[in-house]
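Trainee: This is the structure I want to talk about, given as structure tokens.
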Amino acid sequence: MRTALVIGTGLIGTSAALALSARGVRVHLADSDHEQARTAASLGAGIEGEPAEAVDLAIVAVPPAHVAATVCDVQRRGLARGVIDVGSVKGGPRREVTEHGGDLTTYLGSHPMSGREQSGPLAATADLFEGRPWVLTPTPGTDTEVLNLALELVSLCGAVPVVMDADDHDRAVALVSHTPQLLSSLVAARLEDAAETDVRLCGQGVRDVTRIAGSDPAMWVDILSANPGPVAEILAQVAADLENTVRSLRELDSAEETQRISGAEGVEALLRRGNAGRARVPGKHGQAPTAYQTVIVLISDQPGELARIFADAGAAGVNIEDVRIEHATGQQAGYVQLNVVPGAVRPLEKALRESGWSLRRQ
Ligand SMILES: NC(=O)c1ccc[n+]([C@@H]2O[C@H](COP(=O)([O-])OP(=O)(O)OC[C@H]3O[C@@H](n4cnc5c(N)ncnc54)[C@H](O)[C@@H]3O)[C@@H](O)[C@H]2O)c1
Ligand SMILES: O=C(O)C(=O)C[C@]1(C(=O)O)C=C[C@@H](O)C=C1
């Protein structure tokens with residue numbers, strides 16, 4: 001691919017544009033809000049404005065409700081040889097493309113399974129899609145050249161292509177993306193009117209569970225409006241689990257021992273099912289989860305601390321598989337949790353201690 005047009009230069013469009021530009025593709029940037037395209041261009045994502053000649057691939061990264069009209073507009077005006085969209089829902093927009101008289105042979109629906117709770121070009125990063133699944137939903141009629149361009153896009157963004165039927169995709173993301181978004185919002189919503197003294201105690205658990213509750217409501221109304229049935233079905237199952245859990249908790253509160261035993265069994269059964277479900281979440285690069293071990297390092301809140309830890313780990317020949325930072329409330333310090341394969345724990349701890357780091361026992 002030599003040229004591309006990104007329409008919708010928000011989080012996803014600008015992230016794709018940054019990745020493509022970094023790999024030598026000439027990227028044009030367009031957005032109904034010109035300020036967004038200008039900002040993306042100033043970040044080095046490409047050239048502001050539509051191309052004078054048809055590009056190889058147009059990447060439509062606008063909210064789901066605008067996908068079909070934008071795809072058809074690109075096709076009518078001959079702006080690109082192929083068009084791909086990155087919307088979070090696939091079945092409805094494809095049907096709408098047909099209804100709008102669009103050409104399904106040169107359009108391919110796609111969905112990178114990577115994002116953030118923030119919107120706009122300033123939240124974009126070139127490595128957003130690295131190692132993440134990127135769903136492609138070709139039909140038997142999809143032009144081979146367009147499918148190849150899409151595969152090239154996925155590869156240039158460092159993602160892993162996953163081919164699926166559009167409606168199967170929508171059922172899957174109802175479970176792994178859309179319901180989690182609503183559950184995160186439901187937990188966070190309980191905090192809205194909570195006492196300041198209670199909220200001050202927030203630890204890492206509630207931060208993990210509510211991160212995506214910070215997402216853009218307008219975008220999510222749009223996403224959920226395009227997939228309401230499958231999400232409602234899963235949420236109804238969650239509601240049944242919730243009802244049982246409330247019953248178990250009430251039993252735990254009972255004066256009767258048999259009731260308390262039954263309550264404890266009910267709660268434990270749910271927690272065990274949670275363990276089993278969590279164990280099915282794929283690890284890095286979509287592989288089965290590896291049992292990593294964690295080394296915890298105390299850092300001060302100063303620039304360059306993380307880079308020094310990585311450099312020391314690298315010098316010891318240790319690969320950091322995952323990392324997370326836990327900020328200590330009210331202190332200019334925090335803990336860095338480094339996840340490594342079990343065999344790397346000792347060498348890493350030794351190297352870090354020798355370099356003067358303080359380690360915390362788990
Ligand atoms: N945010 C995520 O985590 C995520 C992840 C994967 C896919 N997606 C999908 O990617 C798409 C973009 O999401 P985002 O998070 O980048 O949103 P965003 O709000 O950051 O960016 C969307 C951009 O599209 C522009 N836009 C809106 N309507 C337009 C139109 N008709 N023509 C041209 N530009 C238009 C907006 O001005 C905005 O700059 C959505 O379809 C979303 O479902 C989002
Ligand atoms: O991690 C996040 O913040 C996301 O928003 C990611 C996430 C997801 O649910 O996995 C959200 C919606 C997108 O359609 C794809 C990715």
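So you can find residues: chains in the structure tokens are A, B, ... in the order shown, residues in each start at 1, and ligands are numbered from 1 in order.
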Check every protein, DNA and RNA residue against ligand 1, keep those with an atom at most 9 Å away (counting only C-alpha atoms and all ligand atoms), and present them as a PyMOL selection string.

Mentor: chain A and resi 7-15+30-37+60-67+69-70+85-89+110-124+212+215-216+218-220+222-223

Trainee: Take the selection from the previous step and output its residues with C-alpha atoms, as a PDB file, in the first residue's frame.

Mentor:
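Saved file part-v3.pdb follows:
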ATOM      1  CA  ILE A   7     -11.760   9.678   7.322  1.00  0.00           C
ATOM      2  CA  GLY A   8     -12.475  10.427  10.975  1.00  0.00           C
ATOM      3  CA  THR A   9      -9.209  11.436  12.621  1.00  0.00           C
ATOM      4  CA  GLY A  10     -10.136  10.614  16.218  1.00  0.00           C
ATOM      5  CA  LEU A  11      -8.515   8.009  18.465  1.00  0.00           C
ATOM      6  CA  ILE A  12      -8.705   5.074  16.033  1.00  0.00           C
ATOM      7  CA  GLY A  13      -8.263   6.907  12.714  1.00  0.00           C
ATOM      8  CA  THR A  14      -5.257   8.874  13.916  1.00  0.00           C
ATOM      9  CA  SER A  15      -3.674   5.798  15.533  1.00  0.00           C
ATOM     10  CA  ALA A  30     -10.152  14.117   6.579  1.00  0.00           C
ATOM     11  CA  ASP A  31     -12.717  14.795   9.303  1.00  0.00           C
ATOM     12  CA  SER A  32     -16.060  16.613   9.392  1.00  0.00           C
ATOM     13  CA  ASP A  33     -14.417  18.615  12.200  1.00  0.00           C
ATOM     14  CA  HIS A  34     -11.437  20.181  10.384  1.00  0.00           C
ATOM     15  CA  GLU A  35      -9.735  20.972  13.675  1.00  0.00           C
ATOM     16  CA  GLN A  36      -9.420  17.216  14.372  1.00  0.00           C
ATOM     17  CA  ALA A  37      -7.732  16.580  10.993  1.00  0.00           C
ATOM     18  CA  VAL A  60     -13.424   5.051   7.575  1.00  0.00           C
ATOM     19  CA  ALA A  61     -13.050   5.676  11.340  1.00  0.00           C
ATOM     20  CA  VAL A  62     -16.227   7.592  12.152  1.00  0.00           C
ATOM     21  CA  PRO A  63     -18.950   6.630  14.710  1.00  0.00           C
ATOM     22  CA  PRO A  64     -20.969   3.542  13.640  1.00  0.00           C
ATOM     23  CA  ALA A  65     -24.093   5.557  12.709  1.00  0.00           C
ATOM     24  CA  HIS A  66     -22.087   7.446  10.039  1.00  0.00           C
ATOM     25  CA  VAL A  67     -20.138   4.483   8.640  1.00  0.00           C
ATOM     26  CA  ALA A  69     -23.052   6.962   4.441  1.00  0.00           C
ATOM     27  CA  THR A  70     -19.313   7.722   4.575  1.00  0.00           C
ATOM     28  CA  ASP A  85     -14.287   0.751   8.145  1.00  0.00           C
ATOM     29  CA  VAL A  86     -13.185   0.183  11.740  1.00  0.00           C
ATOM     30  CA  GLY A  87     -16.543   0.525  13.516  1.00  0.00           C
ATOM     31  CA  SER A  88     -17.283  -1.538  16.622  1.00  0.00           C
ATOM     32  CA  VAL A  89     -20.384  -3.161  15.047  1.00  0.00           C
ATOM     33  CA  SER A 110     -13.350  -4.495  10.002  1.00  0.00           C
ATOM     34  CA  HIS A 111     -12.864  -3.928  13.734  1.00  0.00           C
ATOM     35  CA  PRO A 112      -9.562  -3.567  15.577  1.00  0.00           C
ATOM     36  CA  MET A 113     -10.034  -5.034  19.077  1.00  0.00           C
ATOM     37  CA  SER A 114      -8.069  -2.303  20.699  1.00  0.00           C
ATOM     38  CA  GLY A 115      -8.960   1.112  21.976  1.00  0.00           C
ATOM     39  CA  ARG A 116      -9.024   3.411  24.919  1.00  0.00           C
ATOM     40  CA  GLU A 117     -11.537   5.193  27.107  1.00  0.00           C
ATOM     41  CA  GLN A 118     -10.387   8.509  25.586  1.00  0.00           C
ATOM     42  CA  SER A 119     -11.403   9.993  22.232  1.00  0.00           C
ATOM     43  CA  GLY A 120      -9.811  12.296  19.696  1.00  0.00           C
ATOM     44  CA  PRO A 121      -6.454  12.498  17.920  1.00  0.00           C
ATOM     45  CA  LEU A 122      -4.532  13.554  21.031  1.00  0.00           C
ATOM     46  CA  ALA A 123      -5.263  10.154  22.616  1.00  0.00           C
ATOM     47  CA  ALA A 124      -3.900   8.296  19.541  1.00  0.00           C
ATOM     48  CA  ILE A 212     -13.693   2.053  30.600  1.00  0.00           C
ATOM     49  CA  SER A 215     -15.540   6.310  27.677  1.00  0.00           C
ATOM     50  CA  ASP A 216     -17.491   8.746  25.497  1.00  0.00           C
ATOM     51  CA  ALA A 218     -22.274   9.471  22.673  1.00  0.00           C
ATOM     52  CA  MET A 219     -20.011   6.919  20.958  1.00  0.00           C
ATOM     53  CA  TRP A 220     -21.308   4.092  23.151  1.00  0.00           C
ATOM     54  CA  ASP A 222     -24.161   4.726  18.932  1.00  0.00           C
ATOM     55  CA  ILE A 223     -22.406   1.343  19.341  1.00  0.00           C
TER      56      ILE A 223
END

Trainee: Applying 8 Å and only C-alpha atoms, which residues near Ala58 of chain A remain after dropping the ones on its own chain fewer than 6 positions away? List them as a VMD selection string.

Mentor: chain A and resid 4 to 7 74 79 to 84

Trainee: For C-alpha atoms, I'd like the residues from the last selection saved as a CSV table (one decimal), in the first residue's frame.

Mentor:
chain,number,residue,atom,x,y,z
A,4,ALA,CA,-4.3,5.9,2.1
A,5,LEU,CA,-7.1,8.2,3.2
A,6,VAL,CA,-8.3,8.2,6.8
A,7,ILE,CA,-11.8,9.7,7.3
A,74,VAL,CA,-16.1,7.5,-0.8
A,79,LEU,CA,-11.6,8.6,-3.6
A,80,ALA,CA,-10.1,5.1,-3.1
A,81,ARG,CA,-9.7,1.7,-4.8
A,82,GLY,CA,-10.9,-0.1,-1.6
A,83,VAL,CA,-12.8,1.1,1.5
A,84,ILE,CA,-12.6,-0.4,5.0

Trainee: Tell me which of A:Pro217, A:Pro180, A:Gly44, A:Gly274 sits closest to ligand 2, counting only C-alpha atoms and all ligand atoms.

Mentor: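 Between A:Pro217, A:Pro180, A:Gly44, A:Gly274, the residue approaching ligand 2 most closely is A:Pro180.
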
Trainee: Enumerate the residues of segment 105-244 of chain A with a DSSP assignment of strand (DSSP E or B), computed from the backbone, and present them as a list in words.

Mentor: Tyr107, Leu108, Gly109, Ser110, His111, Pro112, Pro133, Trp134, Val135, Leu136, Thr137, Val160, Pro161, Val162 and Val163 of chain A

Trainee: Given the choices A:Ala276, A:Val209, A:Met1, A:Ile59, which gets closest to ligand 2 if the distance is worked out from only C-alpha atoms and all ligand atoms?

Mentor: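 So, comparing all the options, the nearest one is A:Val209.
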
Trainee: Extract, using only C-alpha atoms, all DNA, RNA and protein residues at most 10 Å from Leu156 of chain A, discarding same-chain residues fewer than 6 positions from it, and format them as a list in words.

Mentor: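 Contacts, with the query itself left out: Met1, Ala16, Ala19, Leu20, Ser21, Ala22, Arg23, Gly24, Val25, Phe129, Glu130 and Ala150 of chain A.
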
Trainee: Keeping N, CA and C atoms for every residue in the selection just given, could you write it to a file as a compact mmCIF listing (two decimals), in the first residue's frame?

Mentor:
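Below you can see out.txt, which holds the result:
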# COMPACT_ATOMS: atom_id res chain seq x y z
N MET A 1 0.85 -1.18 0.00
CA MET A 1 0.00 0.00 0.00
C MET A 1 0.90 1.25 0.00
N ALA A 16 -4.26 4.64 13.45
CA ALA A 16 -3.93 3.90 12.22
C ALA A 16 -3.07 4.77 11.31
N ALA A 19 0.50 4.86 12.47
CA ALA A 19 1.22 3.61 12.18
C ALA A 19 1.57 3.52 10.70
N LEU A 20 0.62 3.90 9.84
CA LEU A 20 0.88 3.81 8.38
C LEU A 20 1.95 4.82 7.97
N SER A 21 1.84 6.06 8.47
CA SER A 21 2.83 7.10 8.10
C SER A 21 4.22 6.67 8.53
N ALA A 22 4.29 6.06 9.74
CA ALA A 22 5.61 5.64 10.25
C ALA A 22 6.22 4.56 9.35
N ARG A 23 5.38 3.87 8.57
CA ARG A 23 5.89 2.80 7.69
C ARG A 23 5.93 3.24 6.23
N GLY A 24 5.90 4.55 6.03
CA GLY A 24 6.15 5.10 4.69
C GLY A 24 4.94 5.23 3.80
N VAL A 25 3.73 4.99 4.32
CA VAL A 25 2.53 5.17 3.49
C VAL A 25 2.18 6.66 3.49
N PHE A 129 -2.50 -0.78 18.10
CA PHE A 129 -3.03 -2.07 17.62
C PHE A 129 -2.02 -3.22 17.71
N GLU A 130 -0.80 -2.90 18.20
CA GLU A 130 0.28 -3.91 18.26
C GLU A 130 -0.18 -5.19 18.97
N ALA A 150 -6.53 -4.75 3.01
CA ALA A 150 -6.92 -4.76 4.42
C ALA A 150 -5.91 -5.56 5.25

Trainee: Please measure the separation of atom CA of Leu182 of chain A and atom CA of Leu235 of chain A, giving the value in Å to one decimal.

Mentor: 8.8 Å

Trainee: Could you go through segment 172-305 of chain A and tell me which residues DSSP, when run on the backbone, assigns to alpha helix (DSSP H), listing them as number ranges by chain?

Mentor: A: 172-173, 179-189, 196-199, 204-210, 217-225, 228-252, 257-279, 305

Trainee: Keeping only C-alpha atoms, write the selected residues as an mmCIF file, in the first residue's frame.

Mentor:
data_model
loop_
_atom_site.group_PDB
_atom_site.id
_atom_site.type_symbol
_atom_site.label_atom_id
_atom_site.label_comp_id
_atom_site.auth_asym_id
_atom_site.auth_seq_id
_atom_site.Cartn_x
_atom_site.Cartn_y
_atom_site.Cartn_z
ATOM 1 C CA ALA A 172 -19.019 -12.067 20.193
ATOM 2 C CA VAL A 173 -18.367 -8.397 20.960
ATOM 3 C CA THR A 179 -21.503 -5.914 28.145
ATOM 4 C CA PRO A 180 -18.213 -5.196 29.991
ATOM 5 C CA GLN A 181 -18.594 -1.516 29.041
ATOM 6 C CA LEU A 182 -22.075 -1.396 30.597
ATOM 7 C CA LEU A 183 -20.995 -3.303 33.709
ATOM 8 C CA SER A 184 -18.060 -0.940 34.196
ATOM 9 C CA SER A 185 -20.448 2.025 33.895
ATOM 10 C CA LEU A 186 -22.887 0.386 36.337
ATOM 11 C CA VAL A 187 -20.185 -0.034 39.000
ATOM 12 C CA ALA A 188 -18.844 3.492 38.426
ATOM 13 C CA ALA A 189 -22.366 4.941 38.558
ATOM 14 C CA GLU A 196 -16.043 11.766 49.610
ATOM 15 C CA THR A 197 -14.658 9.846 52.615
ATOM 16 C CA ASP A 198 -15.661 6.566 50.931
ATOM 17 C CA VAL A 199 -14.366 7.437 47.464
ATOM 18 C CA GLN A 204 -6.568 -0.680 42.298
ATOM 19 C CA GLY A 205 -9.547 -3.058 42.118
ATOM 20 C CA VAL A 206 -12.135 -0.378 41.499
ATOM 21 C CA ARG A 207 -9.757 1.448 39.152
ATOM 22 C CA ASP A 208 -9.399 -1.730 37.044
ATOM 23 C CA VAL A 209 -13.142 -2.323 36.940
ATOM 24 C CA THR A 210 -14.125 1.286 36.121
ATOM 25 C CA PRO A 217 -21.261 8.212 26.145
ATOM 26 C CA ALA A 218 -22.274 9.471 22.673
ATOM 27 C CA MET A 219 -20.011 6.919 20.958
ATOM 28 C CA TRP A 220 -21.308 4.092 23.151
ATOM 29 C CA VAL A 221 -24.976 4.966 22.625
ATOM 30 C CA ASP A 222 -24.161 4.726 18.932
ATOM 31 C CA ILE A 223 -22.406 1.343 19.341
ATOM 32 C CA LEU A 224 -25.124 -0.153 21.571
ATOM 33 C CA SER A 225 -27.889 1.133 19.280
ATOM 34 C CA PRO A 228 -28.961 -3.955 21.320
ATOM 35 C CA GLY A 229 -30.398 -7.494 21.053
ATOM 36 C CA PRO A 230 -27.264 -9.580 21.751
ATOM 37 C CA VAL A 231 -26.166 -7.214 24.547
ATOM 38 C CA ALA A 232 -29.606 -7.307 26.237
ATOM 39 C CA GLU A 233 -29.510 -11.118 26.104
ATOM 40 C CA ILE A 234 -26.177 -11.310 27.951
ATOM 41 C CA LEU A 235 -27.115 -8.593 30.404
ATOM 42 C CA ALA A 236 -30.287 -10.549 31.283
ATOM 43 C CA GLN A 237 -28.060 -13.540 32.150
ATOM 44 C CA VAL A 238 -25.874 -11.260 34.278
ATOM 45 C CA ALA A 239 -29.039 -9.986 35.995
ATOM 46 C CA ALA A 240 -30.013 -13.565 36.888
ATOM 47 C CA ASP A 241 -26.525 -14.152 38.350
ATOM 48 C CA LEU A 242 -26.834 -10.892 40.288
ATOM 49 C CA GLU A 243 -30.188 -11.925 41.709
ATOM 50 C CA ASN A 244 -28.720 -15.243 42.905
ATOM 51 C CA THR A 245 -25.718 -13.454 44.396
ATOM 52 C CA VAL A 246 -27.922 -11.021 46.306
ATOM 53 C CA ARG A 247 -29.902 -14.004 47.635
ATOM 54 C CA SER A 248 -26.666 -15.727 48.735
ATOM 55 C CA LEU A 249 -25.450 -12.563 50.483
ATOM 56 C CA ARG A 250 -28.763 -12.216 52.332
ATOM 57 C CA GLU A 251 -28.374 -15.856 53.422
ATOM 58 C CA LEU A 252 -24.867 -15.092 54.685
ATOM 59 C CA GLU A 257 -26.301 -21.656 60.187
ATOM 60 C CA THR A 258 -27.721 -23.744 57.317
ATOM 61 C CA GLN A 259 -28.665 -20.515 55.528
ATOM 62 C CA ARG A 260 -25.188 -19.108 56.066
ATOM 63 C CA ILE A 261 -23.617 -22.284 54.648
ATOM 64 C CA SER A 262 -25.863 -22.117 51.592
ATOM 65 C CA GLY A 263 -25.005 -18.416 51.153
ATOM 66 C CA ALA A 264 -21.260 -19.106 51.340
ATOM 67 C CA GLU A 265 -21.612 -21.904 48.784
ATOM 68 C CA GLY A 266 -23.528 -19.623 46.423
ATOM 69 C CA VAL A 267 -20.937 -16.848 46.640
ATOM 70 C CA GLU A 268 -18.030 -19.272 46.304
ATOM 71 C CA ALA A 269 -19.592 -20.905 43.239
ATOM 72 C CA LEU A 270 -19.825 -17.517 41.543
ATOM 73 C CA LEU A 271 -16.238 -16.586 42.449
ATOM 74 C CA ARG A 272 -15.009 -19.925 41.083
ATOM 75 C CA ARG A 273 -16.926 -19.411 37.842
ATOM 76 C CA GLY A 274 -15.241 -16.002 37.680
ATOM 77 C CA ASN A 275 -11.809 -17.632 38.068
ATOM 78 C CA ALA A 276 -12.634 -20.044 35.249
ATOM 79 C CA GLY A 277 -13.861 -17.271 32.954
ATOM 80 C CA ARG A 278 -10.882 -15.047 33.680
ATOM 81 C CA ALA A 279 -8.522 -17.946 32.874
ATOM 82 C CA GLU A 305 12.180 5.899 36.352
#

Trainee: Please, what distance in Å, to one decimal, runs between atom 10 (O, counted along the ligand's line) of ligand 2 and atom CA of Asp170 of chain A?

Mentor: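 Computing the Euclidean distance for atom 10 (O, counted along the ligand's line) of ligand 2 and atom CA of Asp170 of chain A yields 12.8 Å.
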
Trainee: Hey, which of A:Leu108, A:Val176, A:Ala195, A:Ala166 ends up closest to Leu151 of chain A? Count only C-alpha atoms.

Mentor: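 The shortest atom-to-atom distance to Leu151 of chain A comes from A:Leu108.
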
Trainee: Can you work out which one of A:Arg200, A:Leu149, A:Gly283, A:Gly49 has the shortest atom-to-atom distance to Gly131 of chain A, counting only C-alpha atoms?

Mentor: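 Among the listed residues, the smallest separation from Gly131 of chain A belongs to A:Gly283.
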
Trainee: Restricting the calculation to only C-alpha atoms and all ligand atoms: of A:Pro282, A:Pro93, A:Pro51, A:Gly214, which residue gets closest to ligand 2?

Mentor: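 Among the listed residues, A:Gly214 lies closest to ligand 2.
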
Trainee: So the first atom is atom CA of His100 of chain A and the second is atom 4 (C, counted along the ligand's line) of ligand 2; what is the distance between them in Å, to one decimal place?

Mentor: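 Between these atoms lies a distance of 29.5 Å.
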
Trainee: Of the candidates A:Gly334, A:Gly78, A:Pro133, A:Gly109, which shows the shortest atom-to-atom distance to ligand 2, using only C-alpha atoms and all ligand atoms?

Mentor: A:Pro133
